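Here's the structure, in structure tokens; my notes come after.
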Amino acid sequence: MLDLETFRHSTSHIMADAVKQLFPASKLAIGPAIEDGFYYDFDTEKPFFQDDLIKIEQKMAEIIKENLPFERTEYSHQKAEDVMKDEPYKIELIRELPDDKVTFYKHGDFIDMCRGPHIERTGLVKHYKLLSATGAYWRGSEKNKMLQRIYGTAFFTKEELDAFLAHREEVKKRDHRILGEDLDLFSIHQEEAGPGLIYWHPKGATIRQLIEDFWKSEHRKSGYQFIYSPHIAKINLWKTSGHWDFYKEYMFSPMDIEGQNYILKPMNCPGHILVYKTRVRSYRDLPLRWAELGTVYRYERSGVIQGLLRVRGFTQDDAHIFCRIDQLHKEIMDVIKLAIHIFRSFGFSDFKIRLSTRPAHYVGTIERWDMATDALRQAVESLNIPYETAQGEAVFYGPKADIDIRDCLGRAWQCFTVQVDFNLPERFDLYYSAKDGTRHRPIMLHRALMGSLERFFAILIEHYAGAFPSWLAPTQAIILPVTPEQIEYAKKTYSELLSKGIRAEIDSRDERLSERIKDASLSKCPYILVVGEKEEKEQTIALRQRAKKDITTISLDDFIKLIKQENNPKD
RNA sequence: GCUAGCCUAGCUCAAUGGCAGAGCAUCCCGUUCGUAACGGGAAGGUUAUGGGUUCGACUCCCAUGGCUAGCUCCA
């Protein structure tokens, strides 16, 4: 049985063959299979254009039609370099191979150094498509030359390829940047105000408030307290925390205020630590769980900014937990439980945890690292969520666990993180008084559940395709009087809904009913309430639910009951 | 930041060196309407910004800003 990776890898060879035939001066770099298909990097005189991709696809069709066999051969280093003498990138790779034997695969006149395996014949490839051409650095380093990369994909069946392309279309349709504008949720004013800075419109702000309210109430239930900290602080604070040394490239330049340098905060932790230090903490005070919807500013290079997903100013749903070692396990467990609960409430149910362990360079003792890592591992295991361990992937100050959530299109997003920190308590000389009066270092946990509100909002918009569940919808019900005769009745209905805490609107514009239904539907409002002569007489409403064709006539009280039922996040 | 492509009305897009245009949205008028696009009219532009080439530039060239897709990075 063929595996898809082999199949796609072979397709990338066919593509490289086509490129070599059409553009003989191109030099080959690498061409692996990737999650959604494959790519191949070339060093070419000119970048590839859209038209070139079509030509390359046609040439590939010819190679496939010839049904050439893939043949494997092994050469010594010497011979390999000889065979690849016109391919400088291949030579570089060959020289790094430890074995003397180098394997090659050949079909027709095209030969490529490659570990393999490959499919038997080019004719097996039938359903493929070239997707895009972009620049990519040789070996991923911007110090190296930029090569030209062509992405493509291949599938066993036409149905799978069509489904993949349809999925790409769906992703495009759900793009939060488009929906954000269509639904009047937010805007970005790159020219006037700067890229990566978000303006939340009333509808977007309503959703944000709903998210924040829910977040706060769940935190209160979980024993958190809230604090607020300023957006700027003197540079010394960032020198003490160490950010000025290891995080400088993401920090905005200092601003001079009365001869002192101040920095826009890229993180909330130093502020929380200052609060901790305002008095001597007892072992009985711990754990302290302090949360803040803290807005931070980070310099991101212009090329990486994207919609709400990657910005220069954003609000973290941050919290810091100061605790004793013996409390660590429970605190970690509770944080992960809270995160899962919140994600479920927003309609996510598929999670994957990644545990990152001690890297080569670290602060703190091995014993503490092992203990903290075990605490993380035990918490994850007892919650029965699949996890993987990323050996040596943690940051220098402590082990961490991250959670990827999967949206309804199967895309994974990293939002949640919980990080143990042995470093900052040390740098700021944090302590608490133990039972016997001696001083001890508390352990500090950093954690964010949604990560950034901006980014999480983007994920929600795309997850729901802008059709937010009733509890999050900026407008839950739009009331449409059939004629001006019913405006009074519509207003009465409106006041009644408002008084019950339902987010309602009236559209009594001088437009045909069908026009106003169209607009209400496009706004993705969950409920449309039509009131005409008949409804007024019977004191009812004609209810049209989002994504449903049928219309039901019910009393306003029944509608209120219905919407109240939906007014809470699902868990 | 780098590579490539792109930037025309609020939005989506025409105009290939010779008079800047359409649809949607907006505003006005008409229509008073029973479940997804009513009719008519008006207004809307220093063609991203700055320079250059040319008798003449939305169009060609240069710089700057920004966007898009990647690379790298990441909440």
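Labeling convention for the structure tokens: chains A, B, ... as they appear, residues from 1 per chain, ligands from 1 in order of appearance.
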
Which residues of chain A are close to chain B, meaning at most 6 Å apart when you count only C-alpha atoms (C1' of nucleotides), and how do they look as a ChimeraX atom specification? /A:134-137,451-452,512,518

Where in range 404-529 of chain A does DSSP assign strand (DSSP E), given as an MDAnalysis selection string? chainID A and resid 404:406 412:421 432:433 439:440 443:452 477:481 504:506 527:529

Excluding Ala29 in chain A and any residue of its chain fewer than 6 positions from it, enumerate the residues within 8 Å of it, using only C-alpha atoms (C1' of nucleotides), and give them as a VMD selection string. chain A and resid 40 to 43 89 to 90 138

Kindly give the distance, in Å, that separates CA of Thr373 in chain A and CA of Leu286 in chain A, rounded to a single decimal. 20.6 Å

Would you list, as a PDB file with N, CA and C atoms, in the first residue's frame, the residues of range 174-387 of chain A that end up in helix (DSSP H, G or I) under DSSP run on this structure's backbone?
ATOM      1  N   HIS A 176     -11.013  35.994   8.829  1.00  0.00           N
ATOM      2  CA  HIS A 176     -11.540  36.968   9.784  1.00  0.00           C
ATOM      3  C   HIS A 176     -11.343  38.398   9.323  1.00  0.00           C
ATOM      4  N   ARG A 177     -10.377  38.631   8.433  1.00  0.00           N
ATOM      5  CA  ARG A 177     -10.148  39.992   7.961  1.00  0.00           C
ATOM      6  C   ARG A 177     -11.311  40.448   7.085  1.00  0.00           C
ATOM      7  N   ILE A 178     -11.828  39.500   6.269  1.00  0.00           N
ATOM      8  CA  ILE A 178     -12.966  39.813   5.401  1.00  0.00           C
ATOM      9  C   ILE A 178     -14.240  39.896   6.238  1.00  0.00           C
ATOM     10  N   LEU A 179     -14.477  38.864   7.056  1.00  0.00           N
ATOM     11  CA  LEU A 179     -15.695  38.851   7.867  1.00  0.00           C
ATOM     12  C   LEU A 179     -15.716  40.018   8.851  1.00  0.00           C
ATOM     13  N   GLY A 180     -14.550  40.378   9.352  1.00  0.00           N
ATOM     14  CA  GLY A 180     -14.473  41.483  10.300  1.00  0.00           C
ATOM     15  C   GLY A 180     -14.950  42.786   9.682  1.00  0.00           C
ATOM     16  N   GLU A 181     -14.681  42.949   8.397  1.00  0.00           N
ATOM     17  CA  GLU A 181     -15.141  44.148   7.718  1.00  0.00           C
ATOM     18  C   GLU A 181     -16.616  44.016   7.336  1.00  0.00           C
ATOM     19  N   ASP A 182     -16.982  42.868   6.768  1.00  0.00           N
ATOM     20  CA  ASP A 182     -18.380  42.654   6.358  1.00  0.00           C
ATOM     21  C   ASP A 182     -19.329  42.803   7.540  1.00  0.00           C
ATOM     22  N   PRO A 202     -18.347  48.865  17.540  1.00  0.00           N
ATOM     23  CA  PRO A 202     -19.329  48.502  18.568  1.00  0.00           C
ATOM     24  C   PRO A 202     -19.705  47.011  18.576  1.00  0.00           C
ATOM     25  N   LYS A 203     -19.898  46.418  17.414  1.00  0.00           N
ATOM     26  CA  LYS A 203     -20.295  45.003  17.397  1.00  0.00           C
ATOM     27  C   LYS A 203     -19.164  44.092  17.877  1.00  0.00           C
ATOM     28  N   GLY A 204     -17.960  44.386  17.431  1.00  0.00           N
ATOM     29  CA  GLY A 204     -16.815  43.601  17.888  1.00  0.00           C
ATOM     30  C   GLY A 204     -16.586  43.805  19.377  1.00  0.00           C
ATOM     31  N   ALA A 205     -16.754  45.053  19.810  1.00  0.00           N
ATOM     32  CA  ALA A 205     -16.534  45.370  21.220  1.00  0.00           C
ATOM     33  C   ALA A 205     -17.572  44.662  22.093  1.00  0.00           C
ATOM     34  N   THR A 206     -18.799  44.522  21.577  1.00  0.00           N
ATOM     35  CA  THR A 206     -19.828  43.797  22.328  1.00  0.00           C
ATOM     36  C   THR A 206     -19.386  42.352  22.545  1.00  0.00           C
ATOM     37  N   ILE A 207     -18.878  41.749  21.491  1.00  0.00           N
ATOM     38  CA  ILE A 207     -18.422  40.358  21.608  1.00  0.00           C
ATOM     39  C   ILE A 207     -17.262  40.280  22.600  1.00  0.00           C
ATOM     40  N   ARG A 208     -16.354  41.242  22.492  1.00  0.00           N
ATOM     41  CA  ARG A 208     -15.214  41.243  23.406  1.00  0.00           C
ATOM     42  C   ARG A 208     -15.682  41.355  24.858  1.00  0.00           C
ATOM     43  N   GLN A 209     -16.640  42.241  25.087  1.00  0.00           N
ATOM     44  CA  GLN A 209     -17.145  42.390  26.455  1.00  0.00           C
ATOM     45  C   GLN A 209     -17.772  41.094  26.954  1.00  0.00           C
ATOM     46  N   LEU A 210     -18.503  40.415  26.076  1.00  0.00           N
ATOM     47  CA  LEU A 210     -19.132  39.147  26.478  1.00  0.00           C
ATOM     48  C   LEU A 210     -18.061  38.116  26.836  1.00  0.00           C
ATOM     49  N   ILE A 211     -17.009  38.108  26.028  1.00  0.00           N
ATOM     50  CA  ILE A 211     -15.911  37.176  26.313  1.00  0.00           C
ATOM     51  C   ILE A 211     -15.273  37.541  27.655  1.00  0.00           C
ATOM     52  N   GLU A 212     -15.014  38.828  27.840  1.00  0.00           N
ATOM     53  CA  GLU A 212     -14.358  39.272  29.069  1.00  0.00           C
ATOM     54  C   GLU A 212     -15.229  38.994  30.305  1.00  0.00           C
ATOM     55  N   ASP A 213     -16.532  39.269  30.176  1.00  0.00           N
ATOM     56  CA  ASP A 213     -17.435  39.042  31.312  1.00  0.00           C
ATOM     57  C   ASP A 213     -17.420  37.568  31.717  1.00  0.00           C
ATOM     58  N   PHE A 214     -17.504  36.720  30.708  1.00  0.00           N
ATOM     59  CA  PHE A 214     -17.501  35.280  30.969  1.00  0.00           C
ATOM     60  C   PHE A 214     -16.174  34.867  31.610  1.00  0.00           C
ATOM     61  N   TRP A 215     -15.097  35.378  31.048  1.00  0.00           N
ATOM     62  CA  TRP A 215     -13.747  35.071  31.534  1.00  0.00           C
ATOM     63  C   TRP A 215     -13.620  35.489  32.999  1.00  0.00           C
ATOM     64  N   LYS A 216     -14.084  36.712  33.300  1.00  0.00           N
ATOM     65  CA  LYS A 216     -13.964  37.204  34.675  1.00  0.00           C
ATOM     66  C   LYS A 216     -14.777  36.351  35.638  1.00  0.00           C
ATOM     67  N   SER A 217     -16.008  36.020  35.257  1.00  0.00           N
ATOM     68  CA  SER A 217     -16.831  35.279  36.209  1.00  0.00           C
ATOM     69  C   SER A 217     -16.261  33.877  36.441  1.00  0.00           C
ATOM     70  N   GLU A 218     -15.709  33.265  35.414  1.00  0.00           N
ATOM     71  CA  GLU A 218     -15.109  31.941  35.600  1.00  0.00           C
ATOM     72  C   GLU A 218     -13.852  32.027  36.463  1.00  0.00           C
ATOM     73  N   HIS A 219     -13.138  33.132  36.342  1.00  0.00           N
ATOM     74  CA  HIS A 219     -11.938  33.280  37.162  1.00  0.00           C
ATOM     75  C   HIS A 219     -12.293  33.532  38.623  1.00  0.00           C
ATOM     76  N   ARG A 220     -13.333  34.340  38.811  1.00  0.00           N
ATOM     77  CA  ARG A 220     -13.778  34.577  40.184  1.00  0.00           C
ATOM     78  C   ARG A 220     -14.140  33.249  40.845  1.00  0.00           C
ATOM     79  N   LYS A 221     -14.878  32.418  40.091  1.00  0.00           N
ATOM     80  CA  LYS A 221     -15.284  31.110  40.634  1.00  0.00           C
ATOM     81  C   LYS A 221     -14.070  30.247  40.949  1.00  0.00           C
ATOM     82  N   ILE A 235      12.675  51.945  32.371  1.00  0.00           N
ATOM     83  CA  ILE A 235      13.490  50.897  31.747  1.00  0.00           C
ATOM     84  C   ILE A 235      14.137  49.980  32.796  1.00  0.00           C
ATOM     85  N   ASN A 236      14.414  50.524  33.984  1.00  0.00           N
ATOM     86  CA  ASN A 236      15.053  49.713  35.009  1.00  0.00           C
ATOM     87  C   ASN A 236      14.259  48.478  35.379  1.00  0.00           C
ATOM     88  N   LEU A 237      12.934  48.633  35.376  1.00  0.00           N
ATOM     89  CA  LEU A 237      12.100  47.473  35.699  1.00  0.00           C
ATOM     90  C   LEU A 237      12.383  46.339  34.720  1.00  0.00           C
ATOM     91  N   TRP A 238      12.565  46.716  33.452  1.00  0.00           N
ATOM     92  CA  TRP A 238      12.789  45.704  32.401  1.00  0.00           C
ATOM     93  C   TRP A 238      14.219  45.188  32.430  1.00  0.00           C
ATOM     94  N   LYS A 239      15.097  45.978  33.031  1.00  0.00           N
ATOM     95  CA  LYS A 239      16.463  45.476  33.204  1.00  0.00           C
ATOM     96  C   LYS A 239      16.479  44.454  34.341  1.00  0.00           C
ATOM     97  N   THR A 240      15.785  44.770  35.419  1.00  0.00           N
ATOM     98  CA  THR A 240      15.710  43.825  36.538  1.00  0.00           C
ATOM     99  C   THR A 240      15.051  42.516  36.093  1.00  0.00           C
ATOM    100  N   SER A 241      13.971  42.631  35.319  1.00  0.00           N
ATOM    101  CA  SER A 241      13.260  41.413  34.914  1.00  0.00           C
ATOM    102  C   SER A 241      14.069  40.616  33.895  1.00  0.00           C
ATOM    103  N   HIS A 243      14.045  41.342  30.718  1.00  0.00           N
ATOM    104  CA  HIS A 243      13.466  41.484  29.375  1.00  0.00           C
ATOM    105  C   HIS A 243      14.342  42.357  28.482  1.00  0.00           C
ATOM    106  N   TRP A 244      14.943  43.398  29.096  1.00  0.00           N
ATOM    107  CA  TRP A 244      15.762  44.299  28.284  1.00  0.00           C
ATOM    108  C   TRP A 244      16.920  43.555  27.643  1.00  0.00           C
ATOM    109  N   ASP A 245      17.350  42.460  28.263  1.00  0.00           N
ATOM    110  CA  ASP A 245      18.434  41.666  27.677  1.00  0.00           C
ATOM    111  C   ASP A 245      17.938  40.646  26.664  1.00  0.00           C
ATOM    112  N   PHE A 246      16.936  39.851  27.074  1.00  0.00           N
ATOM    113  CA  PHE A 246      16.603  38.726  26.185  1.00  0.00           C
ATOM    114  C   PHE A 246      15.354  38.946  25.352  1.00  0.00           C
ATOM    115  N   LYS A 248      14.616  42.255  24.044  1.00  0.00           N
ATOM    116  CA  LYS A 248      14.728  43.609  23.515  1.00  0.00           C
ATOM    117  C   LYS A 248      14.205  43.754  22.090  1.00  0.00           C
ATOM    118  N   GLU A 249      14.459  42.740  21.270  1.00  0.00           N
ATOM    119  CA  GLU A 249      14.097  42.888  19.860  1.00  0.00           C
ATOM    120  C   GLU A 249      12.593  42.993  19.649  1.00  0.00           C
ATOM    121  N   TYR A 250      11.788  42.599  20.658  1.00  0.00           N
ATOM    122  CA  TYR A 250      10.340  42.707  20.528  1.00  0.00           C
ATOM    123  C   TYR A 250       9.780  43.923  21.249  1.00  0.00           C
ATOM    124  N   CYS A 269       4.107  40.521  33.609  1.00  0.00           N
ATOM    125  CA  CYS A 269       4.644  39.892  34.824  1.00  0.00           C
ATOM    126  C   CYS A 269       5.380  40.840  35.783  1.00  0.00           C
ATOM    127  N   PRO A 270       6.264  41.716  35.290  1.00  0.00           N
ATOM    128  CA  PRO A 270       6.977  42.554  36.262  1.00  0.00           C
ATOM    129  C   PRO A 270       6.025  43.400  37.107  1.00  0.00           C
ATOM    130  N   GLY A 271       4.950  43.863  36.498  1.00  0.00           N
ATOM    131  CA  GLY A 271       3.973  44.660  37.231  1.00  0.00           C
ATOM    132  C   GLY A 271       3.346  43.859  38.360  1.00  0.00           C
ATOM    133  N   HIS A 272       3.007  42.610  38.060  1.00  0.00           N
ATOM    134  CA  HIS A 272       2.379  41.765  39.081  1.00  0.00           C
ATOM    135  C   HIS A 272       3.360  41.486  40.220  1.00  0.00           C
ATOM    136  N   ILE A 273       4.624  41.377  39.838  1.00  0.00           N
ATOM    137  CA  ILE A 273       5.643  41.121  40.847  1.00  0.00           C
ATOM    138  C   ILE A 273       5.781  42.314  41.794  1.00  0.00           C
ATOM    139  N   LEU A 274       5.678  43.531  41.234  1.00  0.00           N
ATOM    140  CA  LEU A 274       5.760  44.724  42.085  1.00  0.00           C
ATOM    141  C   LEU A 274       4.649  44.699  43.129  1.00  0.00           C
ATOM    142  N   VAL A 275       3.480  44.251  42.706  1.00  0.00           N
ATOM    143  CA  VAL A 275       2.364  44.171  43.655  1.00  0.00           C
ATOM    144  C   VAL A 275       2.677  43.129  44.735  1.00  0.00           C
ATOM    145  N   TYR A 276       3.237  42.017  44.311  1.00  0.00           N
ATOM    146  CA  TYR A 276       3.587  40.963  45.275  1.00  0.00           C
ATOM    147  C   TYR A 276       4.516  41.503  46.360  1.00  0.00           C
ATOM    148  N   SER A 302       7.574  44.032  10.097  1.00  0.00           N
ATOM    149  CA  SER A 302       6.428  44.368   9.242  1.00  0.00           C
ATOM    150  C   SER A 302       5.891  43.168   8.470  1.00  0.00           C
ATOM    151  N   GLY A 303       6.752  42.294   8.050  1.00  0.00           N
ATOM    152  CA  GLY A 303       6.311  41.178   7.222  1.00  0.00           C
ATOM    153  C   GLY A 303       5.501  40.108   7.939  1.00  0.00           C
ATOM    154  N   VAL A 304       5.484  40.125   9.258  1.00  0.00           N
ATOM    155  CA  VAL A 304       4.815  39.033   9.975  1.00  0.00           C
ATOM    156  C   VAL A 304       3.448  39.435  10.520  1.00  0.00           C
ATOM    157  N   ILE A 325       6.019  25.168  46.573  1.00  0.00           N
ATOM    158  CA  ILE A 325       6.292  23.954  45.786  1.00  0.00           C
ATOM    159  C   ILE A 325       5.224  22.898  45.998  1.00  0.00           C
ATOM    160  N   ASP A 326       4.763  22.739  47.238  1.00  0.00           N
ATOM    161  CA  ASP A 326       3.782  21.698  47.503  1.00  0.00           C
ATOM    162  C   ASP A 326       2.407  22.019  46.911  1.00  0.00           C
ATOM    163  N   GLN A 327       2.245  23.248  46.427  1.00  0.00           N
ATOM    164  CA  GLN A 327       0.961  23.631  45.823  1.00  0.00           C
ATOM    165  C   GLN A 327       0.997  23.569  44.301  1.00  0.00           C
ATOM    166  N   LEU A 328       2.181  23.372  43.783  1.00  0.00           N
ATOM    167  CA  LEU A 328       2.376  23.492  42.337  1.00  0.00           C
ATOM    168  C   LEU A 328       1.472  22.554  41.539  1.00  0.00           C
ATOM    169  N   HIS A 329       1.448  21.299  41.951  1.00  0.00           N
ATOM    170  CA  HIS A 329       0.705  20.306  41.198  1.00  0.00           C
ATOM    171  C   HIS A 329      -0.769  20.672  41.074  1.00  0.00           C
ATOM    172  N   LYS A 330      -1.381  21.035  42.187  1.00  0.00           N
ATOM    173  CA  LYS A 330      -2.806  21.369  42.165  1.00  0.00           C
ATOM    174  C   LYS A 330      -3.066  22.625  41.332  1.00  0.00           C
ATOM    175  N   GLU A 331      -2.174  23.595  41.468  1.00  0.00           N
ATOM    176  CA  GLU A 331      -2.371  24.833  40.714  1.00  0.00           C
ATOM    177  C   GLU A 331      -2.324  24.593  39.209  1.00  0.00           C
ATOM    178  N   ILE A 332      -1.364  23.783  38.793  1.00  0.00           N
ATOM    179  CA  ILE A 332      -1.235  23.479  37.363  1.00  0.00           C
ATOM    180  C   ILE A 332      -2.473  22.753  36.870  1.00  0.00           C
ATOM    181  N   MET A 333      -2.893  21.778  37.648  1.00  0.00           N
ATOM    182  CA  MET A 333      -4.076  20.996  37.300  1.00  0.00           C
ATOM    183  C   MET A 333      -5.289  21.918  37.158  1.00  0.00           C
ATOM    184  N   ASP A 334      -5.488  22.816  38.120  1.00  0.00           N
ATOM    185  CA  ASP A 334      -6.646  23.707  38.085  1.00  0.00           C
ATOM    186  C   ASP A 334      -6.590  24.661  36.891  1.00  0.00           C
ATOM    187  N   VAL A 335      -5.395  25.111  36.578  1.00  0.00           N
ATOM    188  CA  VAL A 335      -5.251  26.020  35.435  1.00  0.00           C
ATOM    189  C   VAL A 335      -5.655  25.300  34.149  1.00  0.00           C
ATOM    190  N   ILE A 336      -5.184  24.067  33.988  1.00  0.00           N
ATOM    191  CA  ILE A 336      -5.505  23.335  32.762  1.00  0.00           C
ATOM    192  C   ILE A 336      -7.004  23.032  32.707  1.00  0.00           C
ATOM    193  N   LYS A 337      -7.569  22.663  33.848  1.00  0.00           N
ATOM    194  CA  LYS A 337      -9.014  22.394  33.892  1.00  0.00           C
ATOM    195  C   LYS A 337      -9.813  23.627  33.497  1.00  0.00           C
ATOM    196  N   LEU A 338      -9.403  24.768  34.037  1.00  0.00           N
ATOM    197  CA  LEU A 338     -10.101  26.013  33.723  1.00  0.00           C
ATOM    198  C   LEU A 338     -10.007  26.322  32.227  1.00  0.00           C
ATOM    199  N   ALA A 339      -8.816  26.109  31.681  1.00  0.00           N
ATOM    200  CA  ALA A 339      -8.612  26.374  30.250  1.00  0.00           C
ATOM    201  C   ALA A 339      -9.537  25.487  29.416  1.00  0.00           C
ATOM    202  N   ILE A 340      -9.580  24.207  29.735  1.00  0.00           N
ATOM    203  CA  ILE A 340     -10.411  23.272  28.969  1.00  0.00           C
ATOM    204  C   ILE A 340     -11.886  23.676  29.082  1.00  0.00           C
ATOM    205  N   HIS A 341     -12.281  24.045  30.282  1.00  0.00           N
ATOM    206  CA  HIS A 341     -13.669  24.467  30.498  1.00  0.00           C
ATOM    207  C   HIS A 341     -13.998  25.673  29.617  1.00  0.00           C
ATOM    208  N   ILE A 342     -13.098  26.624  29.577  1.00  0.00           N
ATOM    209  CA  ILE A 342     -13.355  27.831  28.783  1.00  0.00           C
ATOM    210  C   ILE A 342     -13.370  27.514  27.289  1.00  0.00           C
ATOM    211  N   PHE A 343     -12.437  26.694  26.842  1.00  0.00           N
ATOM    212  CA  PHE A 343     -12.430  26.332  25.420  1.00  0.00           C
ATOM    213  C   PHE A 343     -13.711  25.610  25.031  1.00  0.00           C
ATOM    214  N   ARG A 344     -14.160  24.699  25.868  1.00  0.00           N
ATOM    215  CA  ARG A 344     -15.408  23.979  25.566  1.00  0.00           C
ATOM    216  C   ARG A 344     -16.572  24.952  25.450  1.00  0.00           C
ATOM    217  N   SER A 345     -16.560  25.967  26.318  1.00  0.00           N
ATOM    218  CA  SER A 345     -17.639  26.954  26.296  1.00  0.00           C
ATOM    219  C   SER A 345     -17.693  27.701  24.972  1.00  0.00           C
ATOM    220  N   ILE A 366      18.300  21.323  38.879  1.00  0.00           N
ATOM    221  CA  ILE A 366      17.715  20.184  38.172  1.00  0.00           C
ATOM    222  C   ILE A 366      16.568  19.582  38.985  1.00  0.00           C
ATOM    223  N   GLU A 367      16.742  19.537  40.297  1.00  0.00           N
ATOM    224  CA  GLU A 367      15.685  18.960  41.156  1.00  0.00           C
ATOM    225  C   GLU A 367      14.377  19.710  40.976  1.00  0.00           C
ATOM    226  N   ARG A 368      14.478  21.053  40.972  1.00  0.00           N
ATOM    227  CA  ARG A 368      13.268  21.858  40.823  1.00  0.00           C
ATOM    228  C   ARG A 368      12.646  21.663  39.445  1.00  0.00           C
ATOM    229  N   TRP A 369      13.484  21.619  38.434  1.00  0.00           N
ATOM    230  CA  TRP A 369      12.991  21.383  37.070  1.00  0.00           C
ATOM    231  C   TRP A 369      12.256  20.047  37.012  1.00  0.00           C
ATOM    232  N   ASP A 370      12.873  19.010  37.553  1.00  0.00           N
ATOM    233  CA  ASP A 370      12.264  17.682  37.486  1.00  0.00           C
ATOM    234  C   ASP A 370      10.927  17.677  38.202  1.00  0.00           C
ATOM    235  N   MET A 371      10.912  18.354  39.350  1.00  0.00           N
ATOM    236  CA  MET A 371       9.682  18.383  40.122  1.00  0.00           C
ATOM    237  C   MET A 371       8.566  19.098  39.366  1.00  0.00           C
ATOM    238  N   ALA A 372       8.919  20.235  38.819  1.00  0.00           N
ATOM    239  CA  ALA A 372       7.927  21.019  38.086  1.00  0.00           C
ATOM    240  C   ALA A 372       7.465  20.281  36.835  1.00  0.00           C
ATOM    241  N   THR A 373       8.406  19.638  36.156  1.00  0.00           N
ATOM    242  CA  THR A 373       8.054  18.893  34.950  1.00  0.00           C
ATOM    243  C   THR A 373       7.121  17.731  35.308  1.00  0.00           C
ATOM    244  N   ASP A 374       7.440  17.049  36.420  1.00  0.00           N
ATOM    245  CA  ASP A 374       6.575  15.960  36.869  1.00  0.00           C
ATOM    246  C   ASP A 374       5.187  16.470  37.214  1.00  0.00           C
ATOM    247  N   ALA A 375       5.143  17.646  37.859  1.00  0.00           N
ATOM    248  CA  ALA A 375       3.849  18.225  38.216  1.00  0.00           C
ATOM    249  C   ALA A 375       3.016  18.485  36.968  1.00  0.00           C
ATOM    250  N   LEU A 376       3.666  19.025  35.948  1.00  0.00           N
ATOM    251  CA  LEU A 376       2.974  19.276  34.680  1.00  0.00           C
ATOM    252  C   LEU A 376       2.496  17.974  34.064  1.00  0.00           C
ATOM    253  N   ARG A 377       3.390  16.984  34.049  1.00  0.00           N
ATOM    254  CA  ARG A 377       3.070  15.710  33.414  1.00  0.00           C
ATOM    255  C   ARG A 377       1.910  15.021  34.131  1.00  0.00           C
ATOM    256  N   GLN A 378       1.999  15.021  35.452  1.00  0.00           N
ATOM    257  CA  GLN A 378       0.934  14.363  36.215  1.00  0.00           C
ATOM    258  C   GLN A 378      -0.411  15.050  36.005  1.00  0.00           C
ATOM    259  N   ALA A 379      -0.387  16.373  35.968  1.00  0.00           N
ATOM    260  CA  ALA A 379      -1.628  17.119  35.754  1.00  0.00           C
ATOM    261  C   ALA A 379      -2.235  16.739  34.409  1.00  0.00           C
ATOM    262  N   VAL A 380      -1.407  16.725  33.386  1.00  0.00           N
ATOM    263  CA  VAL A 380      -1.884  16.412  32.043  1.00  0.00           C
ATOM    264  C   VAL A 380      -2.400  14.974  31.980  1.00  0.00           C
ATOM    265  N   GLU A 381      -1.648  14.065  32.569  1.00  0.00           N
ATOM    266  CA  GLU A 381      -2.050  12.653  32.507  1.00  0.00           C
ATOM    267  C   GLU A 381      -3.344  12.401  33.256  1.00  0.00           C
ATOM    268  N   SER A 382      -3.494  13.054  34.409  1.00  0.00           N
ATOM    269  CA  SER A 382      -4.704  12.782  35.180  1.00  0.00           C
ATOM    270  C   SER A 382      -5.935  13.385  34.509  1.00  0.00           C
TER     271      SER A 382
END

Spatial neighbours of A20 in chain B, 12 Å, only C-alpha atoms (C1' of nucleotides), chain gap at least 6 places, as a list in words: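 With the cut-off at 12 Å, the set is U8, A9, A14, G45, U47, C58 and U59 of chain B.
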
Any idea what's packed within 9 Å of C60 in chain B, counting only C-alpha atoms (C1' of nucleotides), ignoring anything in its chain fewer than 3 positions away? Could you give it as a list of chain:residue names?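 Near neighbours after the sequence-gap exclusion: B:G17, B:U53, B:A57.
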
Compare A:Asp436, A:Glu142, A:Asp184, A:Asp112 by their minimum atom-to-atom distance to Ile91 in chain A, counting only C-alpha atoms, and give me the closest one.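 Nearest candidate to Ile91 in chain A out of A:Asp436, A:Glu142, A:Asp184, A:Asp112: A:Asp112.
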